[in-house]
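Student: Sharing upload-v1.txt (compact mmCIF, N, CA and C atoms) below.
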```
# COMPACT_ATOMS: atom_id res chain seq x y z
N MET A 8 0.81 -1.19 0.00
CA MET A 8 0.00 0.00 0.00
C MET A 8 0.86 1.26 0.00
N TRP A 9 1.95 1.29 0.76
CA TRP A 9 2.76 2.49 0.88
C TRP A 9 3.89 2.54 -0.14
N LYS A 10 4.04 1.49 -0.89
CA LYS A 10 5.10 1.43 -1.89
C LYS A 10 4.82 2.47 -2.99
N PRO A 11 5.84 3.26 -3.40
CA PRO A 11 5.60 4.31 -4.40
C PRO A 11 5.43 3.80 -5.82
N GLY A 12 5.70 2.54 -6.07
CA GLY A 12 5.55 2.02 -7.42
C GLY A 12 5.99 0.58 -7.51
N TYR A 13 6.06 0.10 -8.74
CA TYR A 13 6.46 -1.27 -9.02
C TYR A 13 7.46 -1.27 -10.16
N ASP A 14 8.47 -2.12 -10.08
CA ASP A 14 9.39 -2.34 -11.18
C ASP A 14 8.80 -3.46 -12.03
N LEU A 15 8.63 -3.19 -13.33
CA LEU A 15 8.02 -4.15 -14.24
C LEU A 15 9.09 -4.77 -15.11
N THR A 16 9.03 -6.09 -15.25
CA THR A 16 10.00 -6.82 -16.06
C THR A 16 9.28 -7.72 -17.04
N ALA A 17 9.97 -8.04 -18.12
CA ALA A 17 9.49 -9.03 -19.09
C ALA A 17 10.65 -9.98 -19.35
N ASP A 18 10.42 -11.25 -19.16
CA ASP A 18 11.45 -12.28 -19.33
C ASP A 18 12.72 -11.93 -18.53
N GLY A 19 12.52 -11.38 -17.31
CA GLY A 19 13.62 -11.08 -16.43
C GLY A 19 14.35 -9.77 -16.70
N HIS A 20 13.92 -9.01 -17.71
CA HIS A 20 14.56 -7.75 -18.06
C HIS A 20 13.65 -6.58 -17.70
N PRO A 21 14.20 -5.52 -17.09
CA PRO A 21 13.38 -4.35 -16.75
C PRO A 21 12.82 -3.69 -18.01
N ILE A 22 11.52 -3.35 -17.97
CA ILE A 22 10.92 -2.67 -19.12
C ILE A 22 10.30 -1.33 -18.72
N ALA A 23 9.87 -1.19 -17.48
CA ALA A 23 9.22 0.06 -17.06
C ALA A 23 9.13 0.09 -15.54
N THR A 24 8.88 1.27 -15.01
CA THR A 24 8.60 1.44 -13.60
C THR A 24 7.25 2.13 -13.48
N TRP A 25 6.36 1.51 -12.75
CA TRP A 25 5.04 2.09 -12.48
C TRP A 25 5.19 3.02 -11.29
N GLU A 26 4.93 4.30 -11.52
CA GLU A 26 5.03 5.31 -10.47
C GLU A 26 3.62 5.71 -10.06
N LYS A 27 3.22 5.26 -8.87
CA LYS A 27 1.87 5.58 -8.38
C LYS A 27 1.77 7.05 -8.04
N SER A 28 0.61 7.61 -8.32
CA SER A 28 0.33 9.00 -7.96
C SER A 28 0.08 9.08 -6.46
N MET A 29 0.56 10.14 -5.85
CA MET A 29 0.34 10.33 -4.42
C MET A 29 -1.05 10.91 -4.13
N TRP A 30 -1.64 11.63 -5.08
CA TRP A 30 -2.88 12.36 -4.80
C TRP A 30 -4.09 11.82 -5.53
N LYS A 31 -3.91 11.14 -6.65
CA LYS A 31 -5.02 10.58 -7.41
C LYS A 31 -4.78 9.10 -7.59
N GLU A 32 -5.85 8.36 -7.84
CA GLU A 32 -5.67 6.94 -8.12
C GLU A 32 -5.19 6.81 -9.55
N GLY A 33 -4.04 6.23 -9.71
CA GLY A 33 -3.43 6.08 -11.02
C GLY A 33 -1.94 6.32 -10.91
N GLY A 34 -1.33 6.71 -12.01
CA GLY A 34 0.10 6.96 -12.02
C GLY A 34 0.62 7.05 -13.43
N THR A 35 1.94 6.87 -13.58
CA THR A 35 2.58 6.96 -14.89
C THR A 35 3.61 5.85 -15.05
N PHE A 36 3.94 5.58 -16.31
CA PHE A 36 5.06 4.70 -16.62
C PHE A 36 5.64 5.14 -17.97
N GLU A 37 6.91 4.79 -18.16
CA GLU A 37 7.58 5.10 -19.42
C GLU A 37 7.97 3.78 -20.06
N LEU A 38 7.68 3.67 -21.36
CA LEU A 38 7.99 2.46 -22.12
C LEU A 38 8.59 2.88 -23.45
N ASP A 39 9.78 2.41 -23.75
CA ASP A 39 10.44 2.73 -25.01
C ASP A 39 10.49 4.23 -25.29
N GLY A 40 10.76 5.02 -24.24
CA GLY A 40 10.90 6.46 -24.39
C GLY A 40 9.59 7.23 -24.45
N ARG A 41 8.46 6.55 -24.36
CA ARG A 41 7.14 7.22 -24.36
C ARG A 41 6.55 7.12 -22.97
N ARG A 42 6.00 8.23 -22.50
CA ARG A 42 5.39 8.29 -21.17
C ARG A 42 3.88 8.13 -21.30
N TYR A 43 3.31 7.32 -20.41
CA TYR A 43 1.87 7.08 -20.38
C TYR A 43 1.33 7.44 -19.00
N ALA A 44 0.12 7.98 -18.99
CA ALA A 44 -0.55 8.31 -17.73
C ALA A 44 -1.79 7.44 -17.60
N VAL A 45 -2.03 6.94 -16.41
CA VAL A 45 -3.21 6.13 -16.11
C VAL A 45 -3.97 6.82 -15.00
N ARG A 46 -5.27 7.05 -15.20
CA ARG A 46 -6.11 7.73 -14.21
C ARG A 46 -7.45 7.02 -14.10
N SER A 47 -8.04 7.13 -12.91
CA SER A 47 -9.36 6.54 -12.70
C SER A 47 -10.40 7.64 -12.54
N ASN A 48 -11.67 7.24 -12.65
CA ASN A 48 -12.73 8.17 -12.32
C ASN A 48 -12.86 8.22 -10.80
N MET A 49 -13.77 9.03 -10.30
CA MET A 49 -13.91 9.25 -8.86
C MET A 49 -14.25 7.96 -8.11
N TRP A 50 -14.97 7.05 -8.73
CA TRP A 50 -15.42 5.83 -8.06
C TRP A 50 -14.45 4.67 -8.22
N GLY A 51 -13.44 4.81 -9.08
CA GLY A 51 -12.46 3.76 -9.28
C GLY A 51 -12.97 2.58 -10.08
N ASN A 52 -14.07 2.75 -10.82
CA ASN A 52 -14.58 1.65 -11.64
C ASN A 52 -14.28 1.82 -13.13
N LYS A 53 -13.65 2.94 -13.50
CA LYS A 53 -13.21 3.19 -14.87
C LYS A 53 -11.81 3.79 -14.83
N TYR A 54 -10.97 3.31 -15.73
CA TYR A 54 -9.61 3.82 -15.85
C TYR A 54 -9.35 4.15 -17.31
N GLY A 55 -8.50 5.12 -17.55
CA GLY A 55 -8.08 5.45 -18.89
C GLY A 55 -6.57 5.61 -18.94
N MET A 56 -6.00 5.33 -20.10
CA MET A 56 -4.57 5.53 -20.30
C MET A 56 -4.40 6.46 -21.49
N THR A 57 -3.54 7.48 -21.31
CA THR A 57 -3.23 8.40 -22.39
C THR A 57 -1.73 8.41 -22.63
N SER A 58 -1.35 8.75 -23.86
CA SER A 58 0.07 8.94 -24.15
C SER A 58 0.47 10.33 -23.68
N GLU A 59 1.75 10.65 -23.77
CA GLU A 59 2.24 11.92 -23.23
C GLU A 59 1.62 13.14 -23.87
N ASP A 60 1.08 13.02 -25.09
CA ASP A 60 0.44 14.16 -25.73
C ASP A 60 -1.07 14.22 -25.44
N GLY A 61 -1.54 13.32 -24.56
CA GLY A 61 -2.95 13.32 -24.16
C GLY A 61 -3.86 12.46 -25.01
N THR A 62 -3.31 11.76 -25.99
CA THR A 62 -4.11 10.89 -26.85
C THR A 62 -4.56 9.66 -26.07
N PRO A 63 -5.88 9.36 -26.08
CA PRO A 63 -6.35 8.14 -25.41
C PRO A 63 -5.76 6.89 -26.06
N VAL A 64 -5.30 5.96 -25.23
CA VAL A 64 -4.70 4.72 -25.72
C VAL A 64 -5.56 3.51 -25.34
N ALA A 65 -6.07 3.51 -24.11
CA ALA A 65 -6.88 2.37 -23.63
C ALA A 65 -7.83 2.85 -22.54
N ALA A 66 -8.90 2.08 -22.36
CA ALA A 66 -9.88 2.38 -21.31
C ALA A 66 -10.39 1.08 -20.71
N ALA A 67 -10.49 1.06 -19.39
CA ALA A 67 -11.03 -0.10 -18.67
C ALA A 67 -12.34 0.32 -18.03
N ASP A 68 -13.33 -0.57 -18.07
CA ASP A 68 -14.65 -0.26 -17.55
C ASP A 68 -15.17 -1.41 -16.71
N ARG A 69 -15.97 -1.07 -15.72
CA ARG A 69 -16.64 -2.01 -14.82
C ARG A 69 -15.68 -2.70 -13.86
N LEU A 70 -14.57 -2.02 -13.50
CA LEU A 70 -13.63 -2.57 -12.55
C LEU A 70 -14.32 -2.82 -11.22
N GLY A 71 -13.89 -3.85 -10.54
CA GLY A 71 -14.48 -4.20 -9.26
C GLY A 71 -15.62 -5.20 -9.41
N ARG A 72 -16.06 -5.43 -10.61
CA ARG A 72 -17.10 -6.43 -10.86
C ARG A 72 -16.43 -7.74 -11.27
N LYS A 73 -17.23 -8.80 -11.29
CA LYS A 73 -16.67 -10.10 -11.68
C LYS A 73 -16.13 -10.05 -13.11
N ARG A 74 -16.88 -9.40 -14.00
CA ARG A 74 -16.46 -9.27 -15.40
C ARG A 74 -16.24 -7.80 -15.73
N TRP A 75 -15.15 -7.51 -16.43
CA TRP A 75 -14.85 -6.14 -16.82
C TRP A 75 -14.13 -6.16 -18.16
N THR A 76 -14.02 -5.00 -18.80
CA THR A 76 -13.46 -4.94 -20.14
C THR A 76 -12.39 -3.86 -20.27
N VAL A 77 -11.57 -4.04 -21.28
CA VAL A 77 -10.58 -3.05 -21.69
C VAL A 77 -10.74 -2.85 -23.19
N GLU A 78 -10.79 -1.58 -23.61
CA GLU A 78 -10.84 -1.25 -25.03
C GLU A 78 -9.56 -0.55 -25.42
N ALA A 79 -8.96 -0.99 -26.53
CA ALA A 79 -7.73 -0.39 -27.04
C ALA A 79 -7.61 -0.70 -28.53
N ALA A 80 -7.24 0.30 -29.30
CA ALA A 80 -7.00 0.13 -30.74
C ALA A 80 -8.17 -0.58 -31.43
N GLY A 81 -9.39 -0.20 -31.06
CA GLY A 81 -10.58 -0.77 -31.70
C GLY A 81 -10.95 -2.18 -31.28
N ARG A 82 -10.27 -2.73 -30.29
CA ARG A 82 -10.58 -4.08 -29.81
C ARG A 82 -11.07 -4.02 -28.38
N THR A 83 -11.89 -4.98 -28.01
CA THR A 83 -12.36 -5.11 -26.63
C THR A 83 -11.82 -6.41 -26.06
N TYR A 84 -11.19 -6.31 -24.90
CA TYR A 84 -10.63 -7.46 -24.20
C TYR A 84 -11.48 -7.70 -22.96
N GLU A 85 -11.85 -8.95 -22.72
CA GLU A 85 -12.71 -9.31 -21.60
C GLU A 85 -11.88 -9.95 -20.48
N PHE A 86 -12.15 -9.50 -19.26
CA PHE A 86 -11.48 -10.03 -18.08
C PHE A 86 -12.51 -10.48 -17.07
N GLN A 87 -12.12 -11.41 -16.22
CA GLN A 87 -12.99 -11.79 -15.12
C GLN A 87 -12.18 -12.27 -13.93
N ARG A 88 -12.72 -11.96 -12.75
CA ARG A 88 -12.14 -12.44 -11.49
C ARG A 88 -12.52 -13.91 -11.37
N THR A 89 -11.58 -14.75 -10.96
CA THR A 89 -11.84 -16.18 -10.94
C THR A 89 -12.68 -16.62 -9.74
N SER A 90 -12.66 -15.83 -8.66
CA SER A 90 -13.39 -16.20 -7.45
C SER A 90 -13.77 -14.94 -6.69
N ILE A 91 -14.87 -14.99 -5.99
CA ILE A 91 -15.28 -13.84 -5.18
C ILE A 91 -14.28 -13.57 -4.06
N TRP A 92 -13.57 -14.62 -3.61
CA TRP A 92 -12.61 -14.47 -2.53
C TRP A 92 -11.20 -14.24 -3.04
N GLY A 93 -10.92 -14.59 -4.28
CA GLY A 93 -9.57 -14.47 -4.81
C GLY A 93 -9.34 -13.18 -5.57
N GLN A 94 -8.09 -12.94 -5.91
CA GLN A 94 -7.73 -11.74 -6.65
C GLN A 94 -7.31 -12.02 -8.08
N LYS A 95 -7.14 -13.28 -8.43
CA LYS A 95 -6.68 -13.63 -9.76
C LYS A 95 -7.68 -13.13 -10.81
N GLN A 96 -7.14 -12.54 -11.88
CA GLN A 96 -7.95 -12.04 -12.99
C GLN A 96 -7.55 -12.81 -14.24
N GLU A 97 -8.53 -13.18 -15.06
CA GLU A 97 -8.24 -13.92 -16.29
C GLU A 97 -8.70 -13.14 -17.51
N LEU A 98 -7.92 -13.25 -18.59
CA LEU A 98 -8.26 -12.70 -19.89
C LEU A 98 -9.02 -13.78 -20.65
N HIS A 99 -10.20 -13.43 -21.18
CA HIS A 99 -11.03 -14.39 -21.92
C HIS A 99 -11.38 -13.86 -23.30
N SER A 100 -11.61 -14.78 -24.22
CA SER A 100 -12.14 -14.45 -25.54
C SER A 100 -12.98 -15.62 -26.01
N ALA A 101 -14.21 -15.32 -26.43
CA ALA A 101 -15.13 -16.36 -26.90
C ALA A 101 -15.24 -17.51 -25.92
N GLY A 102 -15.27 -17.20 -24.63
CA GLY A 102 -15.44 -18.21 -23.60
C GLY A 102 -14.18 -18.99 -23.26
N GLN A 103 -13.06 -18.67 -23.90
CA GLN A 103 -11.81 -19.38 -23.65
C GLN A 103 -10.86 -18.52 -22.81
N ARG A 104 -10.19 -19.15 -21.86
CA ARG A 104 -9.17 -18.46 -21.06
C ARG A 104 -7.91 -18.31 -21.90
N LEU A 105 -7.43 -17.06 -22.04
CA LEU A 105 -6.23 -16.80 -22.83
C LEU A 105 -5.02 -16.46 -21.97
N GLY A 106 -5.26 -15.87 -20.79
CA GLY A 106 -4.16 -15.44 -19.95
C GLY A 106 -4.66 -15.06 -18.57
N SER A 107 -3.73 -14.56 -17.73
CA SER A 107 -4.13 -14.21 -16.37
C SER A 107 -3.16 -13.22 -15.73
N ILE A 108 -3.62 -12.66 -14.61
CA ILE A 108 -2.80 -11.82 -13.74
C ILE A 108 -3.03 -12.34 -12.33
N GLU A 109 -1.94 -12.59 -11.61
CA GLU A 109 -2.10 -13.10 -10.25
C GLU A 109 -0.90 -12.76 -9.39
N ARG A 110 -1.14 -12.72 -8.08
CA ARG A 110 -0.06 -12.54 -7.11
C ARG A 110 0.75 -13.83 -7.08
N THR A 111 2.06 -13.68 -6.96
CA THR A 111 2.91 -14.88 -6.90
C THR A 111 3.32 -15.19 -5.47
N SER A 112 3.00 -14.29 -4.54
CA SER A 112 3.34 -14.51 -3.14
C SER A 112 2.31 -13.85 -2.25
N PHE A 113 1.92 -14.55 -1.21
CA PHE A 113 0.98 -13.98 -0.24
C PHE A 113 1.65 -12.90 0.59
N TRP A 114 2.94 -13.06 0.86
CA TRP A 114 3.66 -12.17 1.77
C TRP A 114 4.30 -10.98 1.09
N ARG A 115 4.49 -11.04 -0.21
CA ARG A 115 5.14 -9.94 -0.93
C ARG A 115 4.18 -9.39 -1.98
N SER A 116 4.54 -8.28 -2.59
CA SER A 116 3.65 -7.67 -3.57
C SER A 116 3.95 -8.12 -4.99
N ASP A 117 4.75 -9.18 -5.16
CA ASP A 117 5.08 -9.68 -6.49
C ASP A 117 3.83 -10.21 -7.18
N ALA A 118 3.77 -9.97 -8.49
CA ALA A 118 2.65 -10.46 -9.30
C ALA A 118 3.18 -10.78 -10.68
N THR A 119 2.42 -11.57 -11.40
CA THR A 119 2.80 -11.94 -12.76
C THR A 119 1.60 -11.80 -13.68
N ALA A 120 1.89 -11.45 -14.93
CA ALA A 120 0.84 -11.32 -15.94
C ALA A 120 1.25 -12.08 -17.18
N ASP A 121 0.32 -12.78 -17.76
CA ASP A 121 0.49 -13.46 -19.05
C ASP A 121 -0.72 -13.03 -19.88
N LEU A 122 -0.53 -12.06 -20.76
CA LEU A 122 -1.63 -11.48 -21.53
C LEU A 122 -1.33 -11.51 -23.02
N PRO A 123 -1.32 -12.70 -23.60
CA PRO A 123 -0.96 -12.83 -25.02
C PRO A 123 -1.98 -12.10 -25.91
N GLY A 124 -1.46 -11.52 -26.98
CA GLY A 124 -2.32 -10.85 -27.95
C GLY A 124 -2.55 -9.38 -27.68
N LEU A 125 -2.20 -8.90 -26.49
CA LEU A 125 -2.36 -7.48 -26.19
C LEU A 125 -1.05 -6.75 -26.48
N PRO A 126 -1.11 -5.56 -27.09
CA PRO A 126 0.11 -4.77 -27.27
C PRO A 126 0.75 -4.49 -25.91
N LEU A 127 2.08 -4.38 -25.87
CA LEU A 127 2.78 -4.23 -24.60
C LEU A 127 2.28 -3.04 -23.76
N PRO A 128 2.05 -1.84 -24.33
CA PRO A 128 1.52 -0.76 -23.49
C PRO A 128 0.17 -1.11 -22.86
N VAL A 129 -0.66 -1.85 -23.58
CA VAL A 129 -1.97 -2.25 -23.06
C VAL A 129 -1.81 -3.33 -21.99
N GLN A 130 -0.85 -4.24 -22.17
CA GLN A 130 -0.56 -5.23 -21.13
C GLN A 130 -0.18 -4.52 -19.83
N ILE A 131 0.70 -3.52 -19.95
CA ILE A 131 1.12 -2.79 -18.75
C ILE A 131 -0.05 -2.05 -18.14
N PHE A 132 -0.89 -1.42 -18.97
CA PHE A 132 -2.08 -0.73 -18.47
C PHE A 132 -2.96 -1.68 -17.66
N VAL A 133 -3.29 -2.84 -18.22
CA VAL A 133 -4.13 -3.81 -17.53
C VAL A 133 -3.46 -4.24 -16.22
N PHE A 134 -2.18 -4.52 -16.28
CA PHE A 134 -1.44 -4.97 -15.10
C PHE A 134 -1.47 -3.93 -13.99
N VAL A 135 -1.20 -2.66 -14.32
CA VAL A 135 -1.16 -1.64 -13.26
C VAL A 135 -2.56 -1.31 -12.75
N VAL A 136 -3.58 -1.45 -13.59
CA VAL A 136 -4.95 -1.27 -13.12
C VAL A 136 -5.29 -2.35 -12.09
N VAL A 137 -4.91 -3.58 -12.38
CA VAL A 137 -5.17 -4.67 -11.44
C VAL A 137 -4.35 -4.46 -10.16
N LEU A 138 -3.09 -4.06 -10.28
CA LEU A 138 -2.29 -3.77 -9.08
C LEU A 138 -2.95 -2.69 -8.24
N THR A 139 -3.47 -1.66 -8.89
CA THR A 139 -4.15 -0.57 -8.18
C THR A 139 -5.40 -1.08 -7.48
N MET A 140 -6.17 -1.95 -8.14
CA MET A 140 -7.36 -2.54 -7.50
C MET A 140 -6.95 -3.32 -6.26
N TRP A 141 -5.89 -4.12 -6.37
CA TRP A 141 -5.43 -4.91 -5.23
C TRP A 141 -4.96 -4.01 -4.09
N ASP A 142 -4.21 -2.95 -4.43
CA ASP A 142 -3.74 -2.01 -3.40
C ASP A 142 -4.92 -1.35 -2.69
N ARG A 143 -5.92 -0.95 -3.47
CA ARG A 143 -7.11 -0.32 -2.89
C ARG A 143 -7.84 -1.28 -1.97
N ALA A 144 -7.96 -2.55 -2.37
CA ALA A 144 -8.63 -3.55 -1.53
C ALA A 144 -7.84 -3.79 -0.26
N SER A 145 -6.49 -3.82 -0.35
CA SER A 145 -5.65 -4.00 0.84
C SER A 145 -5.80 -2.83 1.80
N ALA A 146 -5.83 -1.62 1.24
CA ALA A 146 -5.98 -0.42 2.08
C ALA A 146 -7.34 -0.42 2.76
N SER A 147 -8.39 -0.83 2.06
CA SER A 147 -9.73 -0.90 2.65
C SER A 147 -9.78 -1.93 3.76
N ALA A 148 -9.16 -3.08 3.53
CA ALA A 148 -9.15 -4.11 4.53
C ALA A 148 -8.38 -3.66 5.78
N ALA A 149 -7.26 -2.97 5.56
CA ALA A 149 -6.45 -2.49 6.68
C ALA A 149 -7.19 -1.43 7.49
N SER A 150 -7.89 -0.54 6.80
CA SER A 150 -8.62 0.52 7.53
C SER A 150 -9.83 -0.05 8.25
N GLY A 151 -10.37 -1.14 7.74
CA GLY A 151 -11.52 -1.77 8.39
C GLY A 151 -11.15 -2.52 9.65
N THR A 152 -9.89 -2.93 9.75
CA THR A 152 -9.47 -3.68 10.94
C THR A 152 -8.83 -2.79 11.99
N SER A 153 -8.56 -1.53 11.66
CA SER A 153 -7.87 -0.67 12.62
C SER A 153 -8.83 0.14 13.47
N GLY A 154 -10.12 0.10 13.16
CA GLY A 154 -11.07 0.99 13.77
C GLY A 154 -11.65 0.58 15.04
```
Before anything else, please render the file you have as structure tokens.

Tutor:
Amino acid sequence: MWKPGYDLTADGHPIATWEKSMWKEGGTFELDGRRYAVRSNMWGNKYGMTSEDGTPVAAADRLGRKRWTVEAAGRTYEFQRTSIWGQKQELHSAGQRLGSIERTSFWRSDATADLPGLPLPVQIFVFVVVLTMWDRASASAASGTSG
């Protein structure tokens, strides 16, 4: 929850650093010399990603529900949470599981994503949106137990 960001790797090589915003839900990352911004709406159920010149690149809708979508480059990608109690998210198409995002450790914040068919900036967008959802859920759970 208090971590300022995440180091993102592909096949063991660093590709980007997700820098969480301190004041808004979202953040930025740089990939191949291009900077992207990710922001949510007030309720945290919609996210958008723009390039450094403000051009929309991707949008996620219905976050926090069992099924949610991402639109990018004229395509719609379908995701779903695998369990009401779990955090694992799966990428689906035509009823088939294509990939997933999941925590790799209960004790650490490590996670892995396998999202074949999505352009790399969109993979990172989906990954950081899911990380943000998990962070928000952890913060809610922590505040609920401290009261």

Student: Between atom CA of A:Asp68 and atom CA of A:Gly106, what is the spacing in Å?

Tutor: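 It comes out at 18.6 Å.
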
Student: Residues near A:Val129, anyone? I mean within 8 Å using only N, CA and C atoms, not counting same-chain ones fewer than 5 positions away, as an mmCIF file with N, CA and C atoms, keeping the file's coordinate frame.

Tutor:
```
data_model
loop_
_atom_site.group_PDB
_atom_site.id
_atom_site.type_symbol
_atom_site.label_atom_id
_atom_site.label_comp_id
_atom_site.auth_asym_id
_atom_site.auth_seq_id
_atom_site.Cartn_x
_atom_site.Cartn_y
_atom_site.Cartn_z
ATOM 1 N N VAL A 64 -5.300 5.960 -25.230
ATOM 2 C CA VAL A 64 -4.700 4.720 -25.720
ATOM 3 C C VAL A 64 -5.560 3.510 -25.340
ATOM 4 N N ALA A 65 -6.070 3.510 -24.110
ATOM 5 C CA ALA A 65 -6.880 2.370 -23.630
ATOM 6 C C ALA A 65 -7.830 2.850 -22.540
ATOM 7 N N ALA A 79 -8.960 -0.990 -26.530
ATOM 8 C CA ALA A 79 -7.730 -0.390 -27.040
ATOM 9 C C ALA A 79 -7.610 -0.700 -28.530
ATOM 10 N N PHE A 134 -2.180 -4.520 -16.280
ATOM 11 C CA PHE A 134 -1.440 -4.970 -15.100
ATOM 12 C C PHE A 134 -1.470 -3.930 -13.990
ATOM 13 N N VAL A 135 -1.200 -2.660 -14.320
ATOM 14 C CA VAL A 135 -1.160 -1.640 -13.260
ATOM 15 C C VAL A 135 -2.560 -1.310 -12.750
#
```

Student: For each of A:Arg143, A:Gln130, A:Ala80, A:Leu105, take the minimum atom-to-atom distance to A:Pro63, counting all atoms listed in the file, then give the residue where this is smallest.

Tutor: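 Nearest to A:Pro63: A:Ala80.
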
Student: Within 6.5 Å of stretch 24-38 of chain A, counting only N, CA and C atoms, which residues qualify if same-chain residues fewer than 5 places away don't, as a list in words?

Tutor: Pro11, Gly12, Tyr13, Asp14, Leu15, Tyr43, Ala44, Val45, Arg46 and Ser47 of chain A

Student: Calculate how many Å separate atom C of A:Arg72 from atom N of A:Glu59, rounding to one decimal.

Tutor: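 Distance between the two atoms: 28.7 Å.
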
Student: Quick one: everything within 6 Å of A:Lys95, counting only C-alpha atoms, minus sequence neighbours fewer than 2 positions away in the same chain. Send it as JSON, numbers by chain.

Tutor: {"A": [88, 89, 93, 108, 109]}

Student: DSSP on the backbone, helix (DSSP H, G or I) only: what residues of stretch 57-145 of chain A does that give? Format it as a PyMOL selection string.

Tutor: chain A and resi 127-145

Student: Quick one: residues within 9 Å of A:Tyr84, only C-alpha atoms, excluding same-chain residues fewer than 3 positions away - as a count of residues only?

Tutor: 9

Student: Work out how far apart atom C of A:His20 and atom CA of A:Arg82 are and give it in Å to one decimal.

Tutor: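 Result for atom C of A:His20 versus atom CA of A:Arg82: 27.2 Å, one decimal.
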
Student: Could you give me the residues within chain A that DSSP places in strand (DSSP E), as a ChimeraX atom specification?

Tutor: /A:12-17,20-27,33-38,41-47,53-58,63-68,74-79,82-88,96-100,103-110,118-121

Student: Pick out the closest residue to A:Leu70 from this set: A:Val136, A:Pro123, A:Ser58, A:Asp142. Count only C-alpha atoms.

Tutor: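 Nearest candidate to A:Leu70 out of A:Val136, A:Pro123, A:Ser58, A:Asp142: A:Val136.
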